[in-house]
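Enquirer: What follows is entry-v6.cif; its format and atoms are mmCIF, C-alpha atoms and all ligand atoms.
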data_input
loop_
_atom_site.label_atom_id
_atom_site.label_comp_id
_atom_site.auth_asym_id
_atom_site.auth_seq_id
_atom_site.Cartn_x
_atom_site.Cartn_y
_atom_site.Cartn_z
CA MET A 995 132.35 -7.31 -84.38
CA LYS A 996 133.58 -4.58 -86.71
CA VAL A 997 133.63 -0.97 -85.49
CA MET A 998 134.15 1.93 -87.88
CA VAL A 999 135.47 5.18 -86.42
CA ALA A 1000 135.08 8.47 -88.30
CA GLY A 1001 138.06 10.70 -87.40
CA ALA A 1002 141.65 9.96 -86.36
CA GLY A 1003 141.80 12.70 -83.73
CA ILE A 1004 142.55 12.38 -80.04
CA GLY A 1005 139.35 10.50 -79.19
CA GLY A 1006 139.10 8.32 -82.31
CA LEU A 1007 142.68 7.02 -82.06
CA CYS A 1008 142.36 6.37 -78.32
CA LEU A 1009 139.19 4.37 -79.01
CA ALA A 1010 140.93 2.40 -81.77
CA HIS A 1011 143.66 1.31 -79.32
CA GLY A 1012 141.12 0.39 -76.64
CA LEU A 1013 139.15 -1.71 -79.13
CA LEU A 1014 142.23 -3.42 -80.54
CA GLN A 1015 143.24 -4.47 -77.04
CA ALA A 1016 139.74 -5.96 -76.63
CA GLY A 1017 140.12 -7.95 -79.86
CA VAL A 1018 137.59 -5.88 -81.80
CA ASP A 1019 138.08 -5.39 -85.55
CA VAL A 1020 138.40 -1.60 -85.84
CA ARG A 1021 138.88 0.70 -88.83
CA VAL A 1022 139.47 4.45 -88.59
CA TYR A 1023 138.55 6.75 -91.50
CA GLU A 1024 140.22 10.16 -91.49
CA ARG A 1025 139.33 13.10 -93.72
CA GLU A 1026 142.89 14.48 -93.92
CA ASN A 1027 145.08 13.02 -96.67
CA ALA A 1028 147.94 12.08 -94.35
CA ALA A 1029 149.00 12.16 -90.73
CA HIS A 1030 151.04 15.31 -91.39
CA SER A 1031 148.52 17.11 -93.64
CA ARG A 1032 147.84 19.86 -91.15
CA TYR A 1033 150.43 20.47 -88.47
CA GLN A 1034 148.27 21.05 -85.41
CA GLY A 1035 150.80 21.25 -82.65
CA PHE A 1036 149.06 23.08 -79.88
CA ARG A 1037 149.51 22.19 -76.23
CA ILE A 1038 146.89 20.06 -74.52
CA GLY A 1039 146.85 19.72 -70.75
CA LEU A 1040 145.84 16.25 -69.65
CA ASN A 1041 144.29 15.92 -66.21
CA GLU A 1042 144.37 12.72 -64.16
CA HIS A 1043 141.15 11.44 -65.79
CA GLY A 1044 142.37 12.03 -69.34
CA LEU A 1045 145.74 10.49 -68.60
CA ALA A 1046 144.14 7.46 -66.91
CA ALA A 1047 141.87 6.94 -69.94
CA LEU A 1048 144.83 7.19 -72.29
CA HIS A 1049 146.82 4.69 -70.21
CA GLU A 1050 143.84 2.33 -70.17
CA CYS A 1051 143.60 2.28 -73.98
CA LEU A 1052 147.22 2.64 -75.15
CA PRO A 1053 149.32 -0.55 -75.10
CA GLN A 1054 151.60 -0.73 -72.07
CA ARG A 1055 154.75 -0.63 -74.19
CA LEU A 1056 153.92 2.94 -75.31
CA HIS A 1057 153.47 4.32 -71.79
CA GLY A 1058 157.20 4.99 -71.32
CA VAL A 1059 157.41 6.97 -74.58
CA LEU A 1060 154.28 8.91 -73.62
CA ALA A 1061 155.83 9.90 -70.28
CA ALA A 1062 159.07 10.94 -72.01
CA VAL A 1063 157.38 13.24 -74.52
CA THR A 1064 155.05 15.06 -72.14
CA GLY A 1065 155.99 17.96 -69.90
CA PRO A 1066 155.22 19.57 -66.56
CA MET A 1067 152.32 22.00 -66.12
CA ALA A 1068 152.62 23.26 -62.57
CA GLY A 1069 153.50 26.35 -60.59
CA GLU A 1070 152.38 29.91 -59.97
CA ARG A 1071 149.78 31.66 -62.13
CA ARG A 1072 150.81 35.27 -62.68
CA VAL A 1073 148.74 38.18 -63.95
CA LEU A 1074 150.73 41.01 -65.58
CA ASP A 1075 149.94 44.27 -67.28
CA ARG A 1076 151.00 44.83 -70.88
CA GLN A 1077 154.33 46.27 -69.71
CA LEU A 1078 154.93 43.03 -67.78
CA HIS A 1079 154.42 44.56 -64.33
CA GLU A 1080 152.87 42.05 -61.95
CA ILE A 1081 149.25 42.86 -61.08
CA ARG A 1082 148.61 39.80 -58.88
CA ARG A 1083 149.33 36.13 -58.31
CA LEU A 1084 146.54 33.58 -58.40
CA GLY A 1085 148.43 30.85 -56.49
CA ALA A 1086 150.29 27.76 -57.57
CA VAL A 1087 148.49 24.82 -59.17
CA ASP A 1088 149.38 21.38 -60.45
CA GLY A 1089 147.67 21.54 -63.84
CA GLY A 1090 148.43 17.98 -64.94
CA THR A 1091 150.55 16.89 -67.88
CA ALA A 1092 151.38 19.00 -70.92
CA THR A 1093 151.18 17.17 -74.25
CA ASP A 1094 151.55 18.40 -77.81
CA ARG A 1095 148.55 17.43 -79.93
CA HIS A 1096 150.64 16.57 -82.98
CA VAL A 1097 153.16 14.45 -81.06
CA LEU A 1098 150.36 12.69 -79.17
CA ARG A 1099 148.53 11.88 -82.42
CA GLN A 1100 151.72 10.52 -83.98
CA LEU A 1101 152.30 8.35 -80.93
CA MET A 1102 148.72 7.10 -81.08
CA LEU A 1103 149.09 6.14 -84.75
CA THR A 1104 151.69 3.56 -83.68
CA GLY A 1105 150.39 0.02 -83.96
CA LEU A 1106 147.39 1.05 -86.07
CA SER A 1107 149.05 0.43 -89.40
CA GLY A 1108 146.51 -0.85 -91.93
CA ARG A 1109 143.66 0.19 -89.64
CA VAL A 1110 143.68 3.94 -90.32
CA GLU A 1111 142.70 5.13 -93.81
CA PHE A 1112 143.48 8.72 -94.74
CA GLY A 1113 141.64 10.75 -97.37
CA LYS A 1114 138.32 9.21 -96.28
CA ALA A 1115 135.86 11.93 -95.30
CA VAL A 1116 132.70 10.35 -93.93
CA THR A 1117 129.76 12.09 -95.62
CA GLY A 1118 126.85 10.02 -94.28
CA TYR A 1119 125.62 6.58 -93.37
CA THR A 1120 122.75 4.14 -93.85
CA GLU A 1121 121.53 1.78 -91.15
CA ARG A 1122 120.55 -1.59 -92.61
CA ALA A 1123 117.70 -3.81 -91.45
CA SER A 1124 120.27 -6.60 -91.09
CA GLY A 1125 121.72 -4.71 -88.10
CA THR A 1126 124.75 -3.32 -89.88
CA VAL A 1127 125.63 0.23 -90.86
CA GLU A 1128 127.17 1.48 -94.08
CA ALA A 1129 129.43 4.55 -93.95
CA ARG A 1130 129.82 6.63 -97.11
CA PHE A 1131 132.94 8.58 -98.00
CA GLY A 1132 133.60 11.68 -100.06
CA ASP A 1133 135.58 9.69 -102.63
CA GLY A 1134 132.45 7.70 -103.56
CA THR A 1135 133.44 4.53 -101.68
CA SER A 1136 131.74 3.00 -98.63
CA ALA A 1137 132.38 0.50 -95.83
CA THR A 1138 130.10 -1.64 -93.68
CA GLY A 1139 130.37 -2.57 -90.01
CA ASP A 1140 128.38 -3.30 -86.86
CA LEU A 1141 128.83 0.19 -85.39
CA LEU A 1142 129.85 3.62 -86.69
CA VAL A 1143 131.41 5.97 -84.12
CA GLY A 1144 131.46 9.64 -85.08
CA ALA A 1145 134.72 10.93 -83.59
CA ASP A 1146 134.93 13.53 -86.33
CA GLY A 1147 135.23 16.64 -84.20
CA VAL A 1148 133.19 19.80 -83.81
CA GLY A 1149 131.92 19.87 -87.41
CA SER A 1150 130.90 16.19 -87.25
CA ALA A 1151 129.15 14.88 -90.37
CA VAL A 1152 127.92 11.91 -88.34
CA ARG A 1153 126.28 14.20 -85.75
CA ARG A 1154 124.63 16.27 -88.48
CA GLN A 1155 122.82 13.17 -89.72
CA LEU A 1156 122.15 11.50 -86.35
CA LEU A 1157 121.10 14.67 -84.52
CA PRO A 1158 120.18 17.30 -87.12
CA GLU A 1159 118.58 19.44 -84.41
CA ALA A 1160 121.70 19.51 -82.18
CA GLU A 1161 122.91 23.08 -81.85
CA VAL A 1162 126.56 24.15 -81.94
CA VAL A 1163 127.10 27.78 -80.96
CA THR A 1164 129.98 29.87 -82.32
CA LEU A 1165 131.02 32.43 -79.74
CA PRO A 1166 131.35 36.04 -80.79
CA GLY A 1167 134.65 37.72 -80.11
CA ASN A 1168 137.88 36.68 -81.55
CA ALA A 1169 140.92 34.71 -80.50
CA VAL A 1170 144.30 34.22 -82.13
CA LEU A 1171 146.38 31.18 -81.30
CA GLY A 1172 150.16 31.26 -81.65
CA ARG A 1173 153.17 29.08 -81.06
CA THR A 1174 156.66 30.54 -80.73
CA PRO A 1175 159.93 28.63 -80.21
CA LEU A 1176 160.97 28.78 -76.56
CA THR A 1177 164.04 30.93 -75.94
CA GLU A 1178 165.44 32.03 -72.57
CA ARG A 1179 163.89 35.43 -73.13
CA PHE A 1180 160.41 34.02 -73.75
CA ALA A 1181 160.73 31.35 -71.05
CA ALA A 1182 161.12 34.16 -68.50
CA LEU A 1183 157.57 35.28 -69.36
CA VAL A 1184 156.13 32.05 -67.91
CA PRO A 1185 158.09 30.97 -64.85
CA GLY A 1186 155.23 28.81 -63.52
CA PHE A 1187 152.01 27.21 -64.71
CA GLY A 1188 150.92 30.12 -66.86
CA THR A 1189 150.86 33.88 -67.29
CA THR A 1190 147.91 36.12 -68.18
CA VAL A 1191 148.61 39.57 -69.58
CA HIS A 1192 145.86 42.19 -69.38
CA GLY A 1193 145.87 45.10 -71.79
CA PRO A 1194 143.07 47.51 -72.69
CA GLY A 1195 140.33 45.30 -74.12
CA ILE A 1196 142.74 42.43 -74.78
CA ILE A 1197 143.91 39.40 -72.81
CA MET A 1198 146.95 37.31 -73.70
CA LEU A 1199 147.42 33.85 -72.20
CA LEU A 1200 150.84 32.21 -72.15
CA GLY A 1201 151.84 28.62 -71.38
CA ARG A 1202 154.96 26.54 -71.97
CA MET A 1203 155.29 23.21 -73.78
CA GLU A 1204 158.56 21.68 -72.67
CA PHE A 1205 159.12 18.07 -73.70
CA ARG A 1206 160.92 16.00 -71.06
CA ARG A 1207 162.86 14.45 -73.93
CA PRO A 1208 163.00 15.46 -77.62
CA PRO A 1209 160.19 13.28 -79.08
CA ARG A 1210 162.07 11.77 -82.03
CA LEU A 1211 165.09 10.83 -79.92
CA ALA A 1212 162.99 9.50 -77.04
CA ALA A 1213 161.08 7.22 -79.42
CA ALA A 1214 164.26 6.02 -81.14
CA GLU A 1215 165.69 5.02 -77.78
CA LEU A 1216 162.63 3.66 -75.98
CA ALA A 1217 160.58 2.08 -78.81
CA PRO A 1218 162.35 2.09 -82.19
CA ASP A 1219 159.17 1.21 -84.13
CA VAL A 1220 157.54 4.46 -82.96
CA GLN A 1221 158.01 7.33 -85.41
CA LEU A 1222 157.78 10.68 -83.69
CA PRO A 1223 158.46 14.07 -85.29
CA ASP A 1224 161.23 16.47 -84.37
CA ALA A 1225 159.54 18.93 -82.05
CA ASP A 1226 161.19 21.69 -80.06
CA ASP A 1227 159.94 23.34 -76.90
CA TYR A 1228 157.60 26.24 -77.49
CA LEU A 1229 155.54 28.90 -75.83
CA ARG A 1230 151.83 28.61 -76.61
CA TRP A 1231 149.92 31.87 -76.54
CA VAL A 1232 146.33 32.90 -77.13
CA VAL A 1233 145.17 36.49 -77.57
CA MET A 1234 141.52 37.14 -76.77
CA LEU A 1235 140.06 40.23 -78.44
CA PRO A 1236 136.68 41.74 -77.50
CA GLU A 1237 135.49 42.27 -81.07
CA PRO A 1238 135.67 39.99 -84.07
CA HIS A 1239 138.05 41.12 -86.79
CA SER A 1240 136.19 43.23 -89.33
CA ARG A 1241 137.31 40.76 -91.97
CA GLU A 1242 139.04 37.41 -91.83
CA PRO A 1243 142.57 38.16 -93.06
CA ASP A 1244 144.11 35.74 -95.49
CA GLY A 1245 146.99 33.68 -94.07
CA TRP A 1246 149.14 34.05 -90.97
CA PRO A 1247 151.24 37.09 -92.02
CA ALA A 1248 148.06 39.17 -92.43
CA VAL A 1249 146.59 37.91 -89.12
CA ARG A 1250 149.89 38.57 -87.35
CA ASP A 1251 150.19 42.12 -88.73
CA GLN A 1252 146.63 42.95 -87.77
CA LEU A 1253 147.29 41.58 -84.27
CA LEU A 1254 150.54 43.54 -83.93
CA ALA A 1255 148.66 46.73 -84.80
CA LEU A 1256 146.15 45.98 -82.01
CA LEU A 1257 149.02 45.31 -79.56
CA ASP A 1258 150.62 48.70 -80.21
CA GLY A 1259 152.27 49.87 -76.96
CA TRP A 1260 152.73 46.37 -75.49
CA HIS A 1261 156.10 45.23 -74.10
CA PRO A 1262 158.70 44.39 -76.80
CA ASP A 1263 159.02 40.81 -75.49
CA LEU A 1264 155.31 40.23 -76.20
CA LEU A 1265 155.47 41.85 -79.62
CA ASP A 1266 158.52 39.75 -80.56
CA LEU A 1267 156.69 36.68 -79.32
CA VAL A 1268 153.98 37.39 -81.89
CA ARG A 1269 156.50 38.34 -84.61
CA GLN A 1270 158.48 35.12 -84.16
CA ALA A 1271 155.44 32.83 -84.12
CA ASP A 1272 155.57 29.68 -86.17
CA VAL A 1273 153.65 30.30 -89.43
CA VAL A 1274 152.15 26.81 -89.73
CA ASN A 1275 151.03 26.56 -86.12
CA SER A 1276 149.50 29.98 -85.57
CA SER A 1277 146.04 31.02 -86.70
CA PRO A 1278 142.74 32.64 -85.71
CA LEU A 1279 140.84 30.44 -83.30
CA THR A 1280 137.07 29.96 -83.39
CA VAL A 1281 135.52 28.95 -80.08
CA ARG A 1282 132.42 26.78 -80.25
CA TYR A 1283 130.29 24.78 -77.85
CA ALA A 1284 127.26 22.51 -78.02
CA LYS A 1285 123.91 22.97 -76.32
CA PRO A 1286 122.89 19.86 -74.34
CA VAL A 1287 120.93 17.20 -76.19
CA PRO A 1288 118.76 14.53 -74.57
CA HIS A 1289 119.49 10.88 -75.24
CA TRP A 1290 118.09 10.08 -78.67
CA GLY A 1291 116.72 6.72 -77.56
CA GLY A 1292 116.11 3.71 -79.72
CA THR A 1293 118.74 1.22 -80.67
CA ARG A 1294 121.13 2.67 -83.18
CA ARG A 1295 124.22 1.39 -84.93
CA VAL A 1296 125.70 4.87 -84.77
CA THR A 1297 127.13 6.80 -81.83
CA LEU A 1298 129.32 9.82 -81.11
CA LEU A 1299 132.27 10.78 -78.94
CA GLY A 1300 134.39 13.80 -78.04
CA ASP A 1301 133.93 17.13 -79.81
CA ALA A 1302 131.52 15.48 -82.25
CA ILE A 1303 128.88 15.49 -79.50
CA HIS A 1304 130.03 17.86 -76.73
CA PRO A 1305 132.45 20.48 -78.08
CA MET A 1306 133.36 23.03 -75.42
CA PRO A 1307 135.49 26.16 -75.13
CA PRO A 1308 139.15 25.45 -74.25
CA SER A 1309 138.66 27.61 -71.12
CA GLY A 1310 138.03 24.57 -68.95
CA GLY A 1311 140.89 22.48 -70.36
CA GLN A 1312 138.45 19.58 -70.59
CA GLY A 1313 137.73 18.90 -74.30
CA ALA A 1314 140.47 16.36 -74.99
CA ASN A 1315 140.24 14.91 -71.49
CA THR A 1316 136.53 14.25 -72.01
CA ALA A 1317 137.12 12.77 -75.49
CA LEU A 1318 139.67 10.37 -73.96
CA ARG A 1319 137.24 9.49 -71.17
CA ASP A 1320 134.56 8.74 -73.79
CA ALA A 1321 137.01 6.53 -75.70
CA ALA A 1322 137.92 4.50 -72.61
CA LEU A 1323 134.29 4.12 -71.53
CA LEU A 1324 133.10 3.08 -75.00
CA SER A 1325 136.03 0.65 -75.32
CA ARG A 1326 135.02 -1.00 -72.05
CA SER A 1327 131.37 -1.21 -73.13
CA LEU A 1328 132.26 -2.75 -76.50
CA ALA A 1329 134.79 -5.13 -74.93
CA ALA A 1330 131.88 -6.63 -72.96
CA VAL A 1331 129.99 -7.12 -76.26
CA GLN A 1332 133.05 -8.74 -77.80
CA ARG A 1333 133.17 -11.18 -74.84
CA ASP A 1334 129.44 -11.94 -75.38
CA GLU A 1335 128.59 -10.45 -71.98
CA ALA A 1336 126.38 -7.68 -73.40
CA GLU A 1337 124.23 -6.85 -76.45
CA LEU A 1338 125.61 -4.15 -78.72
CA PRO A 1339 122.62 -1.73 -78.72
CA ALA A 1340 122.23 -1.87 -74.93
CA ALA A 1341 125.99 -1.42 -74.35
CA VAL A 1342 126.06 1.59 -76.69
CA ALA A 1343 122.98 3.15 -75.06
CA GLN A 1344 124.54 2.77 -71.59
CA TYR A 1345 127.70 4.46 -72.82
CA GLU A 1346 125.67 7.30 -74.33
CA LEU A 1347 123.69 7.98 -71.18
CA ARG A 1348 126.82 8.31 -69.04
CA MET A 1349 128.76 10.23 -71.70
CA LEU A 1350 125.96 12.77 -72.22
CA ASP A 1351 125.80 13.36 -68.47
CA TYR A 1352 129.48 14.07 -67.75
CA GLY A 1353 130.15 15.47 -71.25
CA PHE A 1354 127.60 18.27 -70.99
CA THR A 1355 128.59 18.89 -67.36
CA ALA A 1356 132.08 19.57 -68.72
CA VAL A 1357 130.60 21.94 -71.35
CA THR A 1358 128.77 23.88 -68.60
CA GLU A 1359 131.90 24.08 -66.43
CA SER A 1360 133.99 25.27 -69.38
CA LEU A 1361 131.45 28.00 -70.15
CA GLN A 1362 131.55 29.09 -66.50
CA HIS A 1363 135.32 29.64 -66.82
CA LEU A 1364 134.94 31.66 -70.00
CA PRO A 1365 134.52 35.12 -68.38
CA ASP A 1366 138.04 34.74 -66.88
CA PHE A 1367 139.34 34.79 -70.46
CA THR A 1368 136.98 37.39 -71.90
CA PRO A 1369 138.49 40.85 -72.29
CA HIS A 1370 136.55 43.92 -71.22
CA ALA A 1371 135.96 46.80 -73.59
CA PRO A 1372 138.81 49.35 -73.34
CA ASP A 1373 136.76 51.87 -71.35
CA GLU A 1374 135.96 49.27 -68.66
CA ARG A 1375 139.58 49.13 -67.46
C1 LIG A 1401 143.87 26.08 -78.54
C2 LIG A 1401 143.23 24.87 -77.93
C3 LIG A 1401 143.67 24.42 -76.71
C4 LIG A 1401 143.10 23.30 -76.11
N1 LIG A 1401 143.55 22.91 -74.90
C5 LIG A 1401 142.99 21.85 -74.32
C6 LIG A 1401 143.48 21.41 -73.05
O1 LIG A 1401 144.41 21.98 -72.47
N2 LIG A 1401 142.88 20.32 -72.49
C7 LIG A 1401 141.85 19.67 -73.11
O2 LIG A 1401 141.35 18.69 -72.54
N3 LIG A 1401 141.38 20.07 -74.30
C8 LIG A 1401 141.92 21.13 -74.93
N4 LIG A 1401 141.45 21.53 -76.14
C9 LIG A 1401 140.32 20.81 -76.79
C10 LIG A 1401 140.79 19.59 -77.54
O3 LIG A 1401 141.76 19.90 -78.51
C11 LIG A 1401 139.58 18.92 -78.23
O4 LIG A 1401 138.50 18.85 -77.35
C12 LIG A 1401 139.95 17.51 -78.69
O5 LIG A 1401 140.93 17.58 -79.69
C13 LIG A 1401 138.73 16.76 -79.18
O6 LIG A 1401 139.12 15.50 -79.65
P1 LIG A 1401 138.23 14.75 -80.73
O7 LIG A 1401 138.95 13.48 -81.04
O8 LIG A 1401 136.83 14.69 -80.31
O9 LIG A 1401 138.25 15.69 -82.01
P2 LIG A 1401 139.49 16.16 -82.86
O10 LIG A 1401 140.75 16.03 -82.10
O11 LIG A 1401 139.09 17.48 -83.43
O12 LIG A 1401 139.58 15.10 -84.05
C14 LIG A 1401 138.59 15.00 -85.06
C15 LIG A 1401 139.22 14.29 -86.26
O13 LIG A 1401 138.19 13.99 -87.19
C16 LIG A 1401 138.62 14.35 -88.49
N5 LIG A 1401 137.41 14.59 -89.28
C17 LIG A 1401 136.63 15.69 -89.31
N6 LIG A 1401 135.59 15.51 -90.13
C18 LIG A 1401 135.70 14.26 -90.63
C19 LIG A 1401 134.90 13.48 -91.51
N7 LIG A 1401 133.78 13.95 -92.04
N8 LIG A 1401 135.31 12.23 -91.79
C20 LIG A 1401 136.46 11.72 -91.27
N9 LIG A 1401 137.25 12.42 -90.42
C21 LIG A 1401 136.87 13.67 -90.10
C22 LIG A 1401 139.49 15.57 -88.27
O14 LIG A 1401 140.37 15.80 -89.36
C23 LIG A 1401 140.22 15.16 -86.99
O15 LIG A 1401 141.38 14.40 -87.27
C24 LIG A 1401 142.03 22.64 -76.76
C25 LIG A 1401 141.59 23.08 -78.01
C26 LIG A 1401 142.18 24.18 -78.60
C27 LIG A 1401 141.70 24.64 -79.94
#
Show this structure as structure tokens.

Expert:
Amino acid sequence: MKVMVAGAGIGGLCLAHGLLQAGVDVRVYERENAAHSRYQGFRIGLNEHGLAALHECLPQRLHGVLAAVTGPMAGERRVLDRQLHEIRRLGAVDGGTATDRHVLRQLMLTGLSGRVEFGKAVTGYTERASGTVEARFGDGTSATGDLLVGADGVGSAVRRQLLPEAEVVTLPGNAVLGRTPLTERFAALVPGFGTTVHGPGIIMLLGRMEFRRPPRLAAAELAPDVQLPDADDYLRWVVMLPEPHSREPDGWPAVRDQLLALLDGWHPDLLDLVRQADVVNSSPLTVRYAKPVPHWGGTRRVTLLGDAIHPMPPSGGQGANTALRDAALLSRSLAAVQRDEAELPAAVAQYELRMLDYGFTAVTESLQHLPDFTPHAPDER
């Protein structure tokens, strides 16, 4: 059986490992030209389900490196005003395991050499009467397999063809995502799990990414064939604004300057946090979610996972965890097909029914958390 995966993101790479372990011939087609094309190093909190799914799919020998390059995500949640005076404490939590998306992706590319092709944007597919599916790429080439899995994220080309009526909603309002190297001064802003700063009409969320071990060194020591980037600890911050920017400024310096103007009067530590943000890892953030879709029925050679089918706001911390859960579940279903214990269409349909159920439950829960992160208009405070 040959499975083609569109997208080498969190879910697609996890699936590729799960399928390889099951002896399935898997190929991943990624739109970006290289693994480092876009440095997307934001922090992702893995809960016990996401981590269990990742452990299930990743080969055992990578588990030690994974543990070494993750970080803690526990402690008190503080709410401060814009001058850093404490307003209240929300109690301590154990929020799971902090991972860096870029480091995690690099780790997951290990062992997939020759199976991931970059510069291959899937543009569409054709299901053949013979029971195969042909995927078409932007460079004019194509590939054929027994199943195409759209793991191509929120703008999924595979979903657009499979479910043209599926609705993805872009939330109004505006968010800016930043990443600033962790110094003692900035570390003091987040002594625990996370800090929320409330200003007039603006909310700023702060969280730390502290690697247990520097990723490149940890890999060199624990698994020399694993190539991990140099990555230093950082403070991840998100600023939620009530109104969209009047215009989308061009490039980070313009976004940063516009944001600094809006944060006029905020504590110097917070302003310096914004000023010192990493240019390549800071940007405006668009928040999108999908409306539920019923199971499409029939027996298809095409399916979806992760943000390609159930994108959700980051407010619930569930998007990547759910994509990993999808990958583990689909790997298990396809492993049964590989062992001749199940038929492919039935195994895929069973996966889809379960995935749609918990996936859209996660979307609903994430939307329920959204008001906690939505700033009030200035005159409401
Ligand atoms: C700021 C922020 C914080 C977050 N925090 C958390 C968190 O704490 N916990 C959590 O669980 N989730 C979190 N998320 C959500 C999480 O990042 C996503 O849900 C997760 O990355 C989805 O994984 P995916 O594999 O489905 O899609 P992606 O990771 O988006 O991967 C999709 C891949 O497909 C590629 N692609 C796109 N189009 C094509 C095409 N046509 N052909 C081929 N390839 C294509 C893309 O280049 C990309 O590599 C956060 C998101 C953001 C933005």

Enquirer: Taking all atoms listed in the file into account, which residues have an atom no farther than 8 Å from ligand LIG 1401 (chain A)? I'd like them as a PyMOL selection string.

Expert: chain A and resi 1000-1007+1023-1026+1036-1041+1044+1092+1095+1114-1117+1131+1145-1152+1171+1232+1279-1281+1299-1302+1305-1318

Enquirer: Which residue is closest to Gly1172 of chain A? Choose from A:Ala1329, A:Leu1298, A:Met1234, A:Leu1103 and count only C-alpha atoms.

Expert: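 Of A:Ala1329, A:Leu1298, A:Met1234, A:Leu1103, the one nearest Gly1172 of chain A is A:Met1234, counting only C-alpha atoms.
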
Enquirer: In Å, rounded to a single decimal, give me how far atom CA of Leu1052 of chain A is from atom CA of Gly1118 of chain A.

Expert: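 Those two atoms sit 28.9 Å apart.
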
Enquirer: Given the choices A:Thr1293, A:Gln1221, A:Thr1190, A:Thr1135, which gets closest to Glu1121 of chain A if the distance is worked out from all atoms listed in the file?

Expert: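 Among A:Thr1293, A:Gln1221, A:Thr1190, A:Thr1135, it is A:Thr1293 that comes nearest to Glu1121 of chain A.
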
Enquirer: Would you work out the distance separating atom CA of Leu1078 of chain A from atom CA of Asp1266 of chain A, expressed in Å to one decimal?

Expert: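 Separating atom CA of Leu1078 of chain A from atom CA of Asp1266 of chain A is a distance of 13.7 Å.
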
Enquirer: Give as a PyMOL selection string every residue, naming chains and numbers as the document does, that has an atom within 12 Å of (148.1, 43.6, -64.5), counting only C-alpha atoms.

Expert: chain A and resi 1072-1084+1189-1194+1196-1198+1375

Enquirer: Have a look at A:Glu1042, A:Glu1215, A:Asp1320, A:Asp1226 and name the one nearest to Gly1144 of chain A; count all atoms listed in the file.

Expert: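 Smallest separation from Gly1144 of chain A among the options: A:Asp1320.
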
Enquirer: Listing only residues of segment 1236-1297 of chain A within 10 Å of segment 1340-1354 of chain A, what is the closest atom pair and its distance in Å (to one decimal) for each, using all atoms listed in the file, sorted by chain and residue number ascending, as CSV?

Expert:
residue,atom,partner,partner_atom,distance
A:Tyr1283,CA,A:Phe1354,CA,9.8
A:Ala1284,CA,A:Phe1354,CA,8.2
A:Lys1285,CA,A:Phe1354,CA,8.0
A:Pro1286,CA,A:Phe1354,CA,6.0
A:Val1287,CA,A:Leu1350,CA,7.8
A:Pro1288,CA,A:Leu1350,CA,7.8
A:His1289,CA,A:Leu1347,CA,6.5
A:Trp1290,CA,A:Glu1346,CA,9.2
A:Gly1291,CA,A:Ala1343,CA,7.6
A:Gly1292,CA,A:Ala1343,CA,8.3
A:Thr1293,CA,A:Ala1343,CA,7.3
A:Arg1294,CA,A:Val1342,CA,8.2
A:Arg1295,CA,A:Val1342,CA,8.4
A:Val1296,CA,A:Val1342,CA,8.7
A:Thr1297,CA,A:Val1342,CA,7.4

Enquirer: Since we have the selection now, will you write its residues out, keeping C-alpha atoms, as a PDB file, in the frame of the given file?

Expert:
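File produced: selection.pdb:
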ATOM      1  CA  TYR A1283     130.290  24.780 -77.850  1.00  0.00           C
ATOM      2  CA  ALA A1284     127.260  22.510 -78.020  1.00  0.00           C
ATOM      3  CA  LYS A1285     123.910  22.970 -76.320  1.00  0.00           C
ATOM      4  CA  PRO A1286     122.890  19.860 -74.340  1.00  0.00           C
ATOM      5  CA  VAL A1287     120.930  17.200 -76.190  1.00  0.00           C
ATOM      6  CA  PRO A1288     118.760  14.530 -74.570  1.00  0.00           C
ATOM      7  CA  HIS A1289     119.490  10.880 -75.240  1.00  0.00           C
ATOM      8  CA  TRP A1290     118.090  10.080 -78.670  1.00  0.00           C
ATOM      9  CA  GLY A1291     116.720   6.720 -77.560  1.00  0.00           C
ATOM     10  CA  GLY A1292     116.110   3.710 -79.720  1.00  0.00           C
ATOM     11  CA  THR A1293     118.740   1.220 -80.670  1.00  0.00           C
ATOM     12  CA  ARG A1294     121.130   2.670 -83.180  1.00  0.00           C
ATOM     13  CA  ARG A1295     124.220   1.390 -84.930  1.00  0.00           C
ATOM     14  CA  VAL A1296     125.700   4.870 -84.770  1.00  0.00           C
ATOM     15  CA  THR A1297     127.130   6.800 -81.830  1.00  0.00           C
TER      16      THR A1297
END

Enquirer: Which residues are near Asp1219 of chain A? Cut-off 8 Å, all atoms listed in the file, ignore same chain within fewer than 5 positions. Put them as a ChimeraX atom specification.

Expert: /A:1104,1213-1214

Enquirer: Neighbouring residues of Arg1230 of chain A were defined as those with any atom within 6 Å, considering all atoms listed in the file; residues of the same chain fewer than 4 positions away were excluded. Please report them as a list in words.

Expert: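 The filter keeps Gly1172, Arg1173, Leu1200, Gly1201 and Arg1202 of chain A.
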
Enquirer: Just the selected residues (C-alpha atoms), exported as a PDB file, keeping the file's coordinate frame, please.

Expert:
ATOM      1  CA  GLY A1172     150.160  31.260 -81.650  1.00  0.00           C
ATOM      2  CA  ARG A1173     153.170  29.080 -81.060  1.00  0.00           C
ATOM      3  CA  LEU A1200     150.840  32.210 -72.150  1.00  0.00           C
ATOM      4  CA  GLY A1201     151.840  28.620 -71.380  1.00  0.00           C
ATOM      5  CA  ARG A1202     154.960  26.540 -71.970  1.00  0.00           C
TER       6      ARG A1202
END

Enquirer: Rounded to one decimal place, report the atom CA of Pro1066 of chain A-atom CA of Thr1091 of chain A distance in Å.

Expert: 5.5 Å
